[in-house]
Every structure is written in C-alpha cells, then in structure tokens.
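Peer 1: Contents of work24.cif (mmCIF, C-alpha atoms and all ligand atoms):
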```cif
data_protein
#
loop_
_atom_site.label_atom_id
_atom_site.label_comp_id
_atom_site.auth_asym_id
_atom_site.auth_seq_id
_atom_site.Cartn_x
_atom_site.Cartn_y
_atom_site.Cartn_z
CA MET G 1443 -13.72 -8.51 17.42
CA SER G 1444 -17.26 -8.01 18.69
CA LEU G 1445 -16.76 -10.87 21.17
CA MET G 1446 -13.65 -9.20 22.48
CA GLU G 1447 -15.47 -5.95 23.04
CA LEU G 1448 -18.11 -7.67 25.16
CA PRO G 1449 -16.72 -10.94 26.57
CA SER G 1450 -19.68 -11.33 28.92
CA MET G 1451 -21.77 -12.14 25.83
CA ILE G 1452 -19.67 -15.17 24.86
CA PRO G 1453 -21.67 -17.75 26.88
CA ILE G 1454 -24.94 -16.28 25.56
CA VAL G 1455 -24.05 -16.12 21.84
CA LYS G 1456 -21.63 -19.01 21.58
CA ASN G 1457 -23.94 -21.07 19.37
CA GLU G 1458 -24.22 -18.22 16.88
CA PHE G 1459 -20.48 -18.28 16.05
CA PRO G 1460 -18.20 -20.98 14.62
CA ALA G 1461 -16.32 -22.79 17.39
CA ASP G 1462 -12.88 -21.52 16.27
CA VAL G 1463 -14.11 -17.92 16.44
CA ILE G 1464 -15.23 -18.40 20.05
CA GLU G 1465 -11.93 -20.11 20.83
CA ARG G 1466 -9.88 -17.31 19.25
CA ALA G 1467 -11.78 -14.63 21.15
CA LYS G 1468 -11.25 -16.43 24.45
CA HIS G 1469 -7.59 -17.00 23.60
CA TYR G 1470 -7.00 -13.30 22.86
CA ILE G 1471 -8.92 -12.18 25.97
CA ASN G 1472 -6.71 -14.47 27.98
CA LEU G 1473 -3.51 -13.20 26.38
CA LEU G 1474 -4.54 -9.57 26.65
CA GLU G 1475 -3.95 -9.56 30.41
CA LEU G 1476 -5.76 -6.23 30.53
CA PRO G 1477 -9.06 -5.27 32.12
CA GLY G 1478 -10.50 -4.83 28.60
CA THR G 1479 -9.79 -3.48 25.14
CA GLY G 1480 -10.04 0.09 26.42
CA ALA G 1481 -6.66 -0.06 28.16
CA TYR G 1482 -3.30 1.17 26.81
CA THR G 1483 -0.94 -1.52 25.51
CA ARG G 1484 2.83 -1.57 24.90
CA SER G 1485 3.85 1.15 22.45
CA GLN G 1486 5.27 -1.39 20.00
CA GLY G 1487 2.08 -3.43 20.08
CA LEU G 1488 0.69 -6.52 21.77
CA CYS G 1489 3.32 -9.29 21.95
CA PHE G 1490 0.98 -12.04 20.76
CA VAL G 1491 0.01 -10.02 17.68
CA LEU G 1492 3.67 -9.26 16.90
CA GLU G 1493 4.34 -13.01 17.09
CA ASP G 1494 1.47 -13.77 14.69
CA VAL G 1495 2.75 -11.13 12.27
CA ALA G 1496 6.28 -12.54 12.44
CA ARG G 1497 4.93 -16.02 11.65
CA PHE G 1498 2.83 -14.60 8.79
CA ILE G 1499 5.84 -12.86 7.20
CA THR G 1500 8.07 -15.91 7.62
CA ALA G 1501 5.47 -18.14 5.94
CA ARG G 1502 4.70 -15.56 3.20
CA ASP G 1503 8.36 -15.23 2.24
CA ASN G 1504 9.06 -18.93 2.57
CA LEU G 1505 12.63 -18.23 3.64
CA CYS G 1506 12.66 -21.13 6.09
CA ASP G 1507 14.56 -23.28 3.60
CA PRO G 1508 17.58 -24.50 5.61
CA SER G 1509 19.96 -23.43 2.82
CA VAL G 1510 18.76 -19.81 3.09
CA ARG G 1511 18.67 -19.93 6.89
CA SER G 1512 22.21 -21.25 7.25
CA ARG G 1513 23.53 -18.49 4.98
CA ASP G 1514 21.39 -15.84 6.63
CA PRO G 1515 20.29 -16.14 10.26
CA HIS G 1516 18.09 -13.02 9.83
CA ALA G 1517 15.87 -14.59 7.19
CA TYR G 1518 13.27 -15.32 9.86
CA SER G 1519 10.98 -12.52 10.85
CA LEU G 1520 11.28 -11.56 14.53
CA PRO G 1521 8.50 -10.01 16.66
CA ASP G 1522 11.01 -7.49 18.04
CA ASN G 1523 11.44 -5.99 14.59
CA ILE G 1524 7.73 -5.46 14.02
CA PHE G 1525 5.69 -2.45 15.12
CA LEU G 1526 1.92 -2.12 15.07
CA GLY G 1527 0.21 1.16 14.30
CA ASP G 1528 -3.04 3.00 13.65
CA GLY G 1529 -2.78 2.17 9.95
CA SER G 1530 0.50 2.06 8.06
CA SER G 1531 0.50 5.86 7.59
CA CYS G 1532 1.68 6.72 11.10
CA LEU G 1533 4.33 3.98 10.99
CA ILE G 1534 5.70 5.33 7.70
CA ARG G 1535 5.57 8.91 9.01
CA ARG G 1536 7.80 7.88 11.92
CA VAL G 1537 10.37 6.42 9.52
CA LEU G 1538 10.44 9.75 7.70
CA GLN G 1539 10.78 11.53 11.06
CA LEU G 1540 13.86 9.42 11.78
CA LEU G 1541 15.43 10.25 8.44
CA ILE G 1542 14.68 13.94 7.96
CA ASN G 1543 16.73 16.62 9.60
CA GLY G 1544 15.95 19.75 7.60
CA PRO G 1545 15.96 20.65 3.89
CA SER G 1546 19.28 18.96 3.21
CA SER G 1547 17.68 15.55 3.95
CA GLY G 1548 16.23 14.14 0.75
CA ILE G 1549 13.80 11.28 0.24
CA MET G 1550 13.30 9.78 -3.20
CA ILE G 1551 9.63 9.27 -4.04
CA PRO G 1552 7.91 7.83 -7.10
CA VAL G 1553 5.87 10.11 -9.36
CA PRO G 1554 2.95 9.68 -9.70
CA GLN G 1555 3.14 9.41 -5.95
CA TYR G 1556 0.88 8.80 -3.00
CA PRO G 1557 0.42 12.09 -1.09
CA LEU G 1558 1.36 10.60 2.31
CA TYR G 1559 4.99 10.91 1.22
CA SER G 1560 5.06 14.38 -0.32
CA ALA G 1561 2.91 15.86 2.45
CA THR G 1562 4.90 14.31 5.30
CA ILE G 1563 8.26 15.22 3.79
CA SER G 1564 7.05 18.83 3.41
CA LEU G 1565 5.68 18.90 6.94
CA LEU G 1566 9.00 17.65 8.31
CA GLY G 1567 10.91 20.25 6.29
CA GLY G 1568 12.79 17.69 4.15
CA SER G 1569 13.34 17.62 0.40
CA GLN G 1570 11.30 15.52 -1.99
CA ILE G 1571 13.36 13.93 -4.72
CA PRO G 1572 10.91 12.78 -7.38
CA TYR G 1573 11.69 9.96 -9.76
CA TYR G 1574 9.28 9.34 -12.62
CA LEU G 1575 7.70 5.95 -13.29
CA ASP G 1576 7.65 4.99 -16.97
CA GLU G 1577 4.06 5.07 -18.25
CA SER G 1578 5.09 3.79 -21.69
CA ASN G 1579 6.44 0.67 -19.99
CA ASN G 1580 3.48 -0.14 -17.74
CA TRP G 1581 4.62 2.35 -15.09
CA SER G 1582 7.81 0.37 -14.44
CA LEU G 1583 10.68 1.71 -12.40
CA ASP G 1584 13.63 2.63 -14.61
CA MET G 1585 17.03 2.46 -12.90
CA ASN G 1586 18.43 5.25 -15.10
CA GLU G 1587 15.68 7.52 -13.81
CA LEU G 1588 16.63 6.64 -10.21
CA GLU G 1589 20.30 7.40 -10.93
CA LYS G 1590 19.38 10.70 -12.58
CA ALA G 1591 17.14 11.81 -9.69
CA TYR G 1592 19.85 10.88 -7.19
CA PHE G 1593 22.53 12.69 -9.19
CA ASP G 1594 20.44 15.89 -9.54
CA ALA G 1595 19.69 15.95 -5.81
CA SER G 1596 23.34 15.43 -4.85
CA ALA G 1597 24.36 18.19 -7.28
CA ASN G 1598 22.01 20.48 -5.34
CA ASP G 1599 23.68 19.60 -2.02
CA VAL G 1600 20.81 17.43 -0.87
CA SER G 1601 21.94 14.41 1.09
CA VAL G 1602 19.74 11.54 -0.03
CA LYS G 1603 18.63 9.46 2.94
CA GLY G 1604 15.90 7.17 1.74
CA LEU G 1605 14.09 5.70 -1.23
CA VAL G 1606 10.34 5.03 -1.21
CA VAL G 1607 9.01 2.26 -3.43
CA ILE G 1608 5.28 1.51 -3.56
CA ASN G 1609 4.72 -2.05 -4.75
CA PRO G 1610 2.05 -2.74 -6.00
CA GLY G 1611 1.78 0.90 -6.98
CA ASN G 1612 -0.78 3.51 -6.03
CA PRO G 1613 -2.07 5.16 -8.22
CA THR G 1614 -0.37 3.30 -11.06
CA GLY G 1615 -1.08 -0.38 -10.22
CA GLN G 1616 2.26 -1.80 -11.43
CA VAL G 1617 3.92 -4.82 -9.79
CA LEU G 1618 7.72 -4.88 -9.80
CA THR G 1619 9.68 -7.82 -11.18
CA GLN G 1620 12.23 -9.59 -9.00
CA THR G 1621 15.07 -8.33 -11.22
CA ASN G 1622 13.87 -4.77 -10.86
CA MET G 1623 13.74 -5.22 -7.08
CA GLU G 1624 17.27 -6.65 -7.01
CA ASN G 1625 18.50 -3.59 -8.89
CA ILE G 1626 16.74 -1.31 -6.42
CA ILE G 1627 18.32 -3.13 -3.46
CA GLN G 1628 21.75 -2.88 -5.09
CA PHE G 1629 21.16 0.83 -5.65
CA CYS G 1630 20.29 1.30 -1.95
CA LYS G 1631 23.38 -0.63 -0.90
CA LEU G 1632 25.64 1.38 -3.18
CA LYS G 1633 24.25 4.75 -2.11
CA ASP G 1634 23.63 3.76 1.52
CA LEU G 1635 19.93 4.57 1.33
CA VAL G 1636 17.18 3.36 3.63
CA LEU G 1637 14.61 1.50 1.54
CA ILE G 1638 11.01 2.23 2.50
CA ALA G 1639 8.92 -0.49 0.86
CA ASP G 1640 5.23 0.37 0.93
CA GLU G 1641 3.65 -3.04 0.39
CA VAL G 1642 0.11 -2.34 1.57
CA TYR G 1643 -1.42 -3.75 -1.64
CA GLN G 1644 0.43 -7.07 -1.46
CA GLU G 1645 -2.78 -9.13 -1.54
CA ASN G 1646 -4.28 -7.19 -4.47
CA ILE G 1647 -2.60 -8.98 -7.36
CA TYR G 1648 -4.35 -9.60 -10.71
CA ASP G 1649 -1.82 -11.62 -12.69
CA PRO G 1650 -0.21 -13.79 -10.02
CA VAL G 1651 1.52 -16.14 -12.46
CA ARG G 1652 3.24 -13.50 -14.61
CA LYS G 1653 3.50 -10.79 -11.96
CA PRO G 1654 3.32 -12.25 -8.43
CA PHE G 1655 3.92 -10.12 -5.38
CA ILE G 1656 7.38 -10.72 -3.91
CA SER G 1657 8.35 -8.78 -0.81
CA PHE G 1658 11.49 -6.65 -0.71
CA LYS G 1659 12.43 -8.55 2.43
CA LYS G 1660 12.39 -11.82 0.53
CA VAL G 1661 14.37 -10.49 -2.43
CA LYS G 1662 16.92 -8.91 -0.11
CA HIS G 1663 17.49 -12.17 1.77
CA LEU G 1664 17.65 -14.20 -1.44
CA MET G 1665 20.44 -11.87 -2.57
CA GLY G 1666 22.52 -13.23 0.31
CA THR G 1667 25.02 -12.03 2.88
CA PRO G 1668 26.40 -8.96 1.06
CA TYR G 1669 22.94 -7.38 1.20
CA GLN G 1670 22.10 -8.24 4.82
CA ASP G 1671 22.99 -4.74 5.98
CA VAL G 1672 20.67 -2.96 3.51
CA LYS G 1673 18.28 -1.01 5.71
CA LEU G 1674 14.69 -1.87 4.96
CA PHE G 1675 11.34 -0.84 6.40
CA SER G 1676 8.33 -2.62 4.90
CA SER G 1677 4.72 -1.83 5.68
CA ASN G 1678 1.42 -3.64 5.38
CA SER G 1679 -2.10 -2.67 6.33
CA ALA G 1680 -5.54 -4.04 7.16
CA SER G 1681 -6.94 -1.18 5.05
CA LYS G 1682 -6.28 -2.99 1.75
CA GLY G 1683 -6.18 -6.53 0.40
CA PHE G 1684 -9.47 -8.37 0.95
CA VAL G 1685 -9.78 -7.21 4.55
CA GLY G 1686 -10.38 -3.59 3.49
CA GLU G 1687 -11.16 -2.32 7.01
CA CYS G 1688 -9.52 1.06 6.46
CA GLY G 1689 -11.50 2.94 9.10
CA ARG G 1690 -10.30 0.66 11.87
CA ARG G 1691 -6.75 2.02 11.49
CA ALA G 1692 -4.59 -1.07 11.65
CA GLY G 1693 -1.22 -1.85 10.12
CA TYR G 1694 2.32 -2.95 10.81
CA ILE G 1695 5.85 -2.16 9.74
CA GLU G 1696 8.84 -4.49 9.81
CA MET G 1697 12.46 -3.39 10.19
CA ASP G 1698 15.22 -5.39 8.60
CA GLY G 1699 18.91 -4.50 8.77
CA ILE G 1700 18.11 -1.47 10.95
CA PRO G 1701 20.79 -0.74 13.59
CA ASP G 1702 19.58 -1.08 17.16
CA ILE G 1703 20.16 2.61 17.91
CA ALA G 1704 17.68 3.57 15.17
CA ARG G 1705 15.24 0.96 16.44
CA GLN G 1706 15.43 2.51 19.92
CA GLU G 1707 14.70 5.96 18.46
CA TYR G 1708 11.73 4.51 16.60
CA ILE G 1709 10.38 3.08 19.86
CA LYS G 1710 10.65 6.56 21.40
CA LEU G 1711 8.61 8.02 18.53
CA CYS G 1712 5.96 5.32 19.03
CA SER G 1713 5.81 5.94 22.75
CA ILE G 1714 5.03 9.65 22.25
CA GLU G 1715 1.64 8.50 21.01
CA LEU G 1716 1.39 5.86 23.77
CA CYS G 1717 0.03 2.92 21.80
CA PRO G 1718 -1.88 1.91 18.68
CA ASN G 1719 -5.63 1.39 19.22
CA THR G 1720 -6.15 -2.02 20.78
CA MET G 1721 -8.87 -3.28 18.45
CA GLY G 1722 -6.80 -2.29 15.43
CA GLN G 1723 -4.00 -4.44 16.83
CA ILE G 1724 -6.38 -7.35 17.23
CA LEU G 1725 -7.46 -6.87 13.60
CA VAL G 1726 -3.81 -7.11 12.47
CA GLY G 1727 -3.60 -10.36 14.45
CA LEU G 1728 -6.68 -11.70 12.68
CA MET G 1729 -5.29 -10.66 9.30
CA ALA G 1730 -1.94 -12.31 10.02
CA ARG G 1731 -3.51 -15.48 11.38
CA PRO G 1732 -6.69 -16.25 9.43
CA PRO G 1733 -8.68 -19.46 9.92
CA VAL G 1734 -6.88 -22.56 8.65
CA GLU G 1735 -8.06 -25.74 6.96
CA GLY G 1736 -9.92 -27.89 9.46
CA GLU G 1737 -11.29 -24.96 11.49
CA GLU G 1738 -15.02 -24.41 11.32
CA SER G 1739 -14.89 -20.92 9.80
CA PHE G 1740 -12.23 -21.76 7.20
CA LYS G 1741 -14.60 -22.46 4.29
CA GLN G 1742 -16.48 -19.19 4.84
CA TYR G 1743 -13.19 -17.28 5.12
CA GLU G 1744 -11.85 -18.88 1.95
CA ARG G 1745 -15.07 -18.21 0.04
CA GLU G 1746 -15.28 -14.55 1.06
CA ARG G 1747 -11.57 -13.94 0.36
CA ASP G 1748 -11.75 -15.50 -3.10
CA GLU G 1749 -15.01 -13.75 -3.97
CA ILE G 1750 -13.58 -10.34 -3.08
CA LEU G 1751 -10.30 -10.85 -4.93
CA ASN G 1752 -11.92 -12.39 -8.02
CA SER G 1753 -14.52 -9.69 -8.14
CA LEU G 1754 -11.85 -6.97 -7.96
CA SER G 1755 -10.08 -8.61 -10.88
CA VAL G 1756 -13.31 -8.72 -12.94
CA ARG G 1757 -14.04 -5.08 -12.08
CA ALA G 1758 -10.50 -4.07 -13.10
CA ASN G 1759 -11.09 -5.58 -16.55
CA ILE G 1760 -14.46 -3.87 -16.89
CA ILE G 1761 -13.16 -0.42 -16.04
CA ILE G 1762 -10.18 -0.82 -18.36
CA SER G 1763 -12.31 -1.86 -21.32
CA ARG G 1764 -14.73 1.05 -20.80
CA LEU G 1765 -11.99 3.65 -20.34
CA ARG G 1766 -10.11 2.47 -23.41
CA SER G 1767 -13.23 2.95 -25.51
CA LEU G 1768 -13.31 6.70 -24.72
CA GLU G 1769 -11.89 9.24 -27.17
CA GLY G 1770 -8.37 10.38 -26.23
CA VAL G 1771 -8.04 7.99 -23.26
CA THR G 1772 -5.31 5.38 -22.85
CA CYS G 1773 -4.99 3.19 -19.81
CA THR G 1774 -2.54 0.54 -18.65
CA LYS G 1775 -4.04 -2.54 -17.05
CA PRO G 1776 -3.43 -2.64 -13.31
CA GLU G 1777 -1.32 -5.61 -12.22
CA GLY G 1778 -2.12 -4.88 -8.59
CA ALA G 1779 -3.70 -2.45 -6.07
CA MET G 1780 -7.22 -1.02 -6.57
CA TYR G 1781 -6.90 1.82 -9.05
CA VAL G 1782 -6.70 2.79 -12.68
CA PHE G 1783 -4.74 5.85 -13.75
CA PRO G 1784 -5.86 6.64 -17.32
CA SER G 1785 -4.12 9.28 -19.40
CA LEU G 1786 -6.42 11.93 -20.93
CA THR G 1787 -5.84 13.99 -24.03
CA ILE G 1788 -7.53 17.19 -22.96
CA PRO G 1789 -8.68 19.52 -25.78
CA ALA G 1790 -6.83 22.85 -26.11
CA ARG G 1791 -9.95 24.88 -25.23
CA ALA G 1792 -10.35 22.97 -21.97
CA ILE G 1793 -6.70 23.64 -21.14
CA GLN G 1794 -7.33 27.33 -21.79
CA LYS G 1795 -10.44 27.32 -19.58
CA ALA G 1796 -8.45 25.62 -16.79
CA GLU G 1797 -5.78 28.31 -17.07
CA GLU G 1798 -8.45 30.99 -16.73
CA CYS G 1799 -9.76 29.25 -13.60
CA ASN G 1800 -6.21 28.82 -12.30
CA ILE G 1801 -6.57 25.08 -11.94
CA PRO G 1802 -4.79 22.16 -13.68
CA PRO G 1803 -6.66 20.79 -16.73
CA ASP G 1804 -7.31 17.39 -15.13
CA THR G 1805 -8.83 19.16 -12.12
CA LEU G 1806 -11.24 20.92 -14.48
CA TYR G 1807 -12.19 17.52 -15.95
CA CYS G 1808 -12.71 15.99 -12.49
CA GLN G 1809 -14.68 18.98 -11.21
CA GLU G 1810 -17.08 18.90 -14.14
CA LEU G 1811 -17.33 15.11 -13.83
CA LEU G 1812 -18.27 15.44 -10.16
CA GLU G 1813 -20.75 18.26 -10.73
CA GLN G 1814 -22.49 16.63 -13.69
CA THR G 1815 -22.52 12.97 -12.66
CA GLY G 1816 -21.57 12.69 -8.98
CA ILE G 1817 -18.55 10.53 -9.94
CA CYS G 1818 -15.58 11.38 -7.76
CA ALA G 1819 -12.20 10.86 -9.50
CA VAL G 1820 -8.89 12.29 -8.31
CA PRO G 1821 -7.01 14.52 -10.77
CA GLY G 1822 -3.58 13.18 -11.76
CA SER G 1823 -2.03 16.50 -10.77
CA GLY G 1824 -2.77 15.55 -7.14
CA PHE G 1825 -0.29 12.68 -7.51
CA LYS G 1826 2.12 14.73 -9.66
CA GLN G 1827 2.80 13.52 -13.21
CA VAL G 1828 5.10 14.19 -16.16
CA PRO G 1829 4.53 17.87 -17.05
CA GLY G 1830 2.11 18.28 -19.94
CA THR G 1831 0.37 14.95 -19.30
CA HIS G 1832 -3.07 14.64 -17.72
CA HIS G 1833 -4.52 11.76 -15.78
CA LEU G 1834 -7.20 10.85 -13.32
CA ARG G 1835 -7.36 8.16 -10.71
CA MET G 1836 -10.43 6.01 -10.24
CA THR G 1837 -10.97 3.01 -8.02
CA PHE G 1838 -12.78 -0.16 -9.03
CA LEU G 1839 -14.22 -0.68 -5.57
CA PRO G 1840 -17.94 -0.06 -6.27
CA PRO G 1841 -20.07 -3.19 -6.79
CA LYS G 1842 -19.95 -4.55 -10.35
CA GLU G 1843 -23.55 -3.67 -11.33
CA LYS G 1844 -23.21 -0.13 -10.02
CA MET G 1845 -19.89 0.27 -11.76
CA LEU G 1846 -21.31 -0.91 -15.09
CA TYR G 1847 -24.13 1.60 -14.82
CA ILE G 1848 -21.76 4.42 -13.86
CA LEU G 1849 -19.31 3.66 -16.66
CA ASP G 1850 -21.76 2.84 -19.45
CA ASN G 1851 -24.12 5.68 -18.78
CA LEU G 1852 -22.72 8.48 -16.68
CA LEU G 1853 -18.99 8.47 -17.54
CA THR G 1854 -19.31 7.67 -21.25
CA GLN G 1855 -21.89 10.40 -21.80
CA PHE G 1856 -20.04 12.93 -19.68
CA HIS G 1857 -16.81 12.30 -21.58
CA ARG G 1858 -18.49 12.72 -24.94
CA ARG G 1859 -20.09 16.01 -23.82
CA PHE G 1860 -16.80 17.28 -22.37
CA MET G 1861 -14.91 16.56 -25.59
CA GLU G 1862 -17.63 18.19 -27.74
CA LYS G 1863 -17.90 21.24 -25.48
CA TYR G 1864 -14.19 22.02 -25.66
CA SER G 1865 -13.26 20.84 -29.17
C1 LIG G 1901 0.37 3.37 -1.11
C2 LIG G 1901 -0.31 3.57 0.21
N1 LIG G 1901 0.41 3.55 1.33
C3 LIG G 1901 -0.15 3.74 2.53
C4 LIG G 1901 -1.50 3.97 2.65
C5 LIG G 1901 -2.06 4.21 4.02
O1 LIG G 1901 -2.85 3.18 4.45
P1 LIG G 1901 -3.31 3.01 5.98
O2 LIG G 1901 -2.74 4.14 6.78
O3 LIG G 1901 -4.78 3.01 5.95
O4 LIG G 1901 -2.71 1.70 6.39
C6 LIG G 1901 -2.31 4.00 1.51
C7 LIG G 1901 -3.76 4.28 1.59
O5 LIG G 1901 -4.46 4.43 0.63
C8 LIG G 1901 -1.70 3.80 0.25
O6 LIG G 1901 -2.40 3.82 -0.88
#
```
Show the structure stored in the file as structure tokens.
Peer 2:
Amino acid sequence: MSLMELPSMIPIVKNEFPADVIERAKHYINLLELPGTGAYTRSQGLCFVLEDVARFITARDNLCDPSVRSRDPHAYSLPDNIFLGDGSSCLIRRVLQLLINGPSSGIMIPVPQYPLYSATISLLGGSQIPYYLDESNNWSLDMNELEKAYFDASANDVSVKGLVVINPGNPTGQVLTQTNMENIIQFCKLKDLVLIADEVYQENIYDPVRKPFISFKKVKHLMGTPYQDVKLFSSNSASKGFVGECGRRAGYIEMDGIPDIARQEYIKLCSIELCPNTMGQILVGLMARPPVEGEESFKQYERERDEILNSLSVRANIIISRLRSLEGVTCTKPEGAMYVFPSLTIPARAIQKAEECNIPPDTLYCQELLEQTGICAVPGSGFKQVPGTHHLRMTFLPPKEKMLYILDNLLTQFHRRFMEKYS
C-alpha cells in the first residue's frame, strides 16, 4: 500500500521489499488507470478488486464442483454482485435503507445485538424486531424464537422485511451449524425475507473442526434450485480476521438472489457517496488475494497469519479461565469472533445503587471497573439482553502478557472488592 501511495519510490526501495510485493504494486498501479490513489473510482469499486473478491469467495465456498455448478449456474461469485465500501458498516446501512420504508418495515435482529443494526434501523424510522439468542445453549439461534418474534411483529401490523444474522456472533462468539443455517434459509424463503448475513468474523474461528465457518452463500447453494431465489446480502471486512486494519475502512458486500431492480437502487445509494476510499479498496484486494505458495512473501504472510490466529485462540482460553474463576460469573467459550460476553450475578445492593443513579446495573459495574482499574468493558445492556440478566463484553485483543497482568491483578481484585462492597 505504501508503494502505491508513492510509486516514484519503487525503483529506489525495490531491494527492501519481496519481489512479489513490488510486482503487485506495479500491477495495481497499472490497472488503476488513474493519476494516483487520490482520484475517485467507480461507485461500486475498482473492477480488478471486485474480480479478486469474486475469486476469493468462489474458492472459499468451493462450489466449483461441476455437480453443483450444473444444478446451479449462480454458484460462482460474480464481480457485478460485489460492492466495496468504507468498511462493511456503510454497505450494511445501504441494505437497510433499501428495505425500510417507515415504522411498518421491520427488521429482525439478534439480541444481544451489535449496535450498527439497532441504531441504523432507528435512524431510518423502521422497527426493530428482536429475537433472543439462547445463552444456555452456547448462544445458539433457536428457530422457535425466530417464529415467535416474527409472529409477534406481524400481530402488531409490522411487515417483516429482513433478518439479520451475525455469524460468528458479536458479542456472543457463537458459530452456527450448517443445519441451523439451512433452517434459517428455509425460514427466509417461507416468509420472503431478505437475509442479511454479517460474516465479518469469518476468519476468527477457534474450533475449526467441530465448528467451522460456512458461509450462508455456500449453504444456500448447497440447498439447491428451490432456494436460488432466497435474497441474500453477505458482508466481510478488513477490520477483523487477522488483517485487523479497522481504521482503514475497507469491506465488501455480496448480493445473491437479489433482483436487478434492487441492485440498481443499491448502486444509486452507493453513488450518492461517490466512491469508497481508494486505499481501502486496495486493502480489500490484498485481503482477497494474499501471497501464494512460491511467492517470496508467502512464508512471512503465512507465519504472521498463523501467529495472530493462534495467539487469539490462546488469549480466548486465558480470558475464559480467569472469568470463570470469579464469584458469580459464568461465561461461554467463544467459538469465533474476538469477544467474551460473561454473565454477572450482581448483588442486590449494587442493583439498588444503579437504580438510584438511573443506570443499568452492568453499567455501574463497568463504570467502577473503568474508574478503578482503567479497564474498558462494554455493559451488556448496550447490546440488549434478556431482562434481568447482566453481562459485559470484553475483547481478547491485548497482547497476552498484558492481558494476564490485567486479568490476574486488576480485574480479579476489582471484582472481589465490588462483590464485598455491595454484598
Ligand atoms: C458484527 C459486526 N458487523 C459489522 C461491523 C463493522 O465493521 P466495519 O465497518 O469496520 O467493517 C462490526 C465491527 O465491529 C461488527 O462487529
């Protein structure tokens, strides 16, 4: 990316970079056909990046098997159905813009939920239709709960337009099984709902044998012709995974089964904001087409990728074991994403104090935690949760040594003091 920002440096620094990196930079500069990275691009995104993303999705889903292809000509991913954006957030917001036309338009969202959905639905004047994930069953998605939420909304004259599924989940870290996903796709078909699959944590998987990531696109196409017309948007981002470059604002969304008229409207929404930032688009290209075996930078890429993912897995285990040792705390092990969402039993006197301060009890816990230790955790109430339950969300992103110090000293002692103070 630095070479693309200053191509005149390439001849000077070319011995400092692996040969394939120099080649890729030159290749992109050539394809860019622009005076530099400061120019506007197409609203949908640079064609060569869209092509790389399409190839990445096709390879990821491994749907090239001739038996699948002959049954389903759409199994391949096509560049035309992919849109690049300044992170996945703006791409998802535009889907909600397409679907919401006032308070009678309802969107089903998981609870605990990621605030992008609740906030955007509110901003667009639509109706949130919460469905609760099942904490007692590793935050799985229960079809009866979906049916119930849909039924309640319809009984209140809300026309349900879309269903959001976050897989792997934020803040809950669950990974859906293929059977669960098939049921969700059937549900969308039956109720004619647009499925919004938020798959930004697809690379962050901690039990790949038992709980691998499978994309909704793949499951839908494996279900065959009757499900081809299920309308699916699926998003991915350079903010997560092992790339983790969230400040660069880079992501993509793929449409599948979306009628052309809706696709045209989506293009109009993209063109209002002219184009995604050019370097973010390049980053998506690099994410979708990493170095391959035989290229000079491959070994370094492979090493860094594996180190980051393994280290996240180790840190997930550390945080779980420490949290579970605290009085009144239970915590499911994350199967994916980057968070833990422990449940807290908050003493009655703390609940009373929170009421006096007019804040939720888990906010009181997080405020005192921040003030006394500097640890910043997000109260579960910010993600919504089953009434009467209390949670907090923490990430396991800090380096291992720092995390061990924070957990073993600061958090453990704070928790003990908090429980004593209010018991
Ligand atoms: C579930 C989920 N979806 C979407 C996003 C937005 O990511 P970005 O806009 O950085 O791609 C996030 C960010 O944390 C997230 O957790």
Peer 1: Please extract the residues at most 6 Å from ligand LIG 1901 (chain G), counting all atoms listed in the file, and provide them as a ChimeraX atom specification, using the chain letters and residue numbers of this document.
Peer 2: /G:1529-1531,1556,1608,1612,1640,1642,1679,1681,1688,1691,1693
Peer 1: Near region 1836-1851 of chain G, within 9 Å and counting all atoms listed in the file, which residues show up once chain neighbours fewer than 3 positions away are dropped, as a short mmCIF file (atom, residue, chain, number, x, y, z; two decimals) with C-alpha atoms, keeping the file's coordinate frame?
Peer 2:
```
data_model
loop_
_atom_site.label_atom_id
_atom_site.label_comp_id
_atom_site.auth_asym_id
_atom_site.auth_seq_id
_atom_site.Cartn_x
_atom_site.Cartn_y
_atom_site.Cartn_z
CA PRO G 1613 -2.07 5.16 -8.22
CA SER G 1753 -14.52 -9.69 -8.14
CA LEU G 1754 -11.85 -6.97 -7.96
CA VAL G 1756 -13.31 -8.72 -12.94
CA ARG G 1757 -14.04 -5.08 -12.08
CA ALA G 1758 -10.50 -4.07 -13.10
CA ILE G 1760 -14.46 -3.87 -16.89
CA ILE G 1761 -13.16 -0.42 -16.04
CA ARG G 1764 -14.73 1.05 -20.80
CA LEU G 1765 -11.99 3.65 -20.34
CA MET G 1780 -7.22 -1.02 -6.57
CA TYR G 1781 -6.90 1.82 -9.05
CA VAL G 1782 -6.70 2.79 -12.68
CA PHE G 1783 -4.74 5.85 -13.75
CA PRO G 1784 -5.86 6.64 -17.32
CA THR G 1815 -22.52 12.97 -12.66
CA ILE G 1817 -18.55 10.53 -9.94
CA CYS G 1818 -15.58 11.38 -7.76
CA ALA G 1819 -12.20 10.86 -9.50
CA VAL G 1820 -8.89 12.29 -8.31
CA THR G 1854 -19.31 7.67 -21.25
CA GLN G 1855 -21.89 10.40 -21.80
CA PHE G 1856 -20.04 12.93 -19.68
#
```
Peer 1: Considering all atoms listed in the file, return as an MDAnalysis selection string whatever protein or nucleic-acid residues lie within 6 Å of region 1455-1466 of chain G, sequence-local ones (same chain, fewer than 3 positions apart) excluded.
Peer 2: chainID G and resid 1452 1469 1738:1739
Peer 1: For the atom pair CA of Gly1727 (chain G) and CA of Gly1611 (chain G), what is the interatomic distance in Å to one decimal place?
Peer 2: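 Distance between the two atoms: 24.8 Å.
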Peer 1: Nearest to Ser1823 (chain G): which of G:Ile1454, G:Leu1526, G:Val1553, G:Ile1788 is it, counting only C-alpha atoms?
Peer 2: G:Val1553
Peer 1: So how far away is CA of Thr1614 (chain G) from CA of Glu1577 (chain G), in Å?
Peer 2: 8.6 Å
Peer 1: Can you tell me, as a PyMOL selection string, what residues are no more than 9 Å from Leu1492 (chain G) when counting all atoms listed in the file, ignoring any on the same chain fewer than 2 positions away?
Peer 2: chain G and resi 1486-1490+1494-1497+1520-1526+1694+1726-1727
Peer 1: Using CA of Cys1808 (chain G) and CA of Gly1822 (chain G) as the two end points, give the distance in Å to one decimal.
Peer 2: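 Answer for the CA of Cys1808 (chain G) to CA of Gly1822 (chain G) separation: 9.6 Å.
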Peer 1: Measuring between all atoms listed in the file, which one of G:Val1685, G:Val1672, G:Ile1801, G:Leu1618 shows the shortest distance to Arg1652 (chain G)?
Peer 2: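 Going through G:Val1685, G:Val1672, G:Ile1801, G:Leu1618 one by one, the smallest distance to Arg1652 (chain G) is for G:Leu1618.
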Peer 1: Centre and edge lengths of an axis-aligned box around all listed atoms of region 1646-1662 of chain G, with 5 Å added on each side, are to be given in Å to one decimal, as JSON.
Peer 2:
```
{"center_x": 6.3, "center_y": -11.4, "center_z": -6.1, "size_x": 31.3, "size_y": 19.5, "size_z": 27.0}
```
Peer 1: Report as a count of residues only all protein, DNA and RNA residues lying within 12 Å of region 1600-1604 of chain G, evaluated on all atoms listed in the file, omitting residues in the same chain fewer than 2 positions from it.
Peer 2: 52
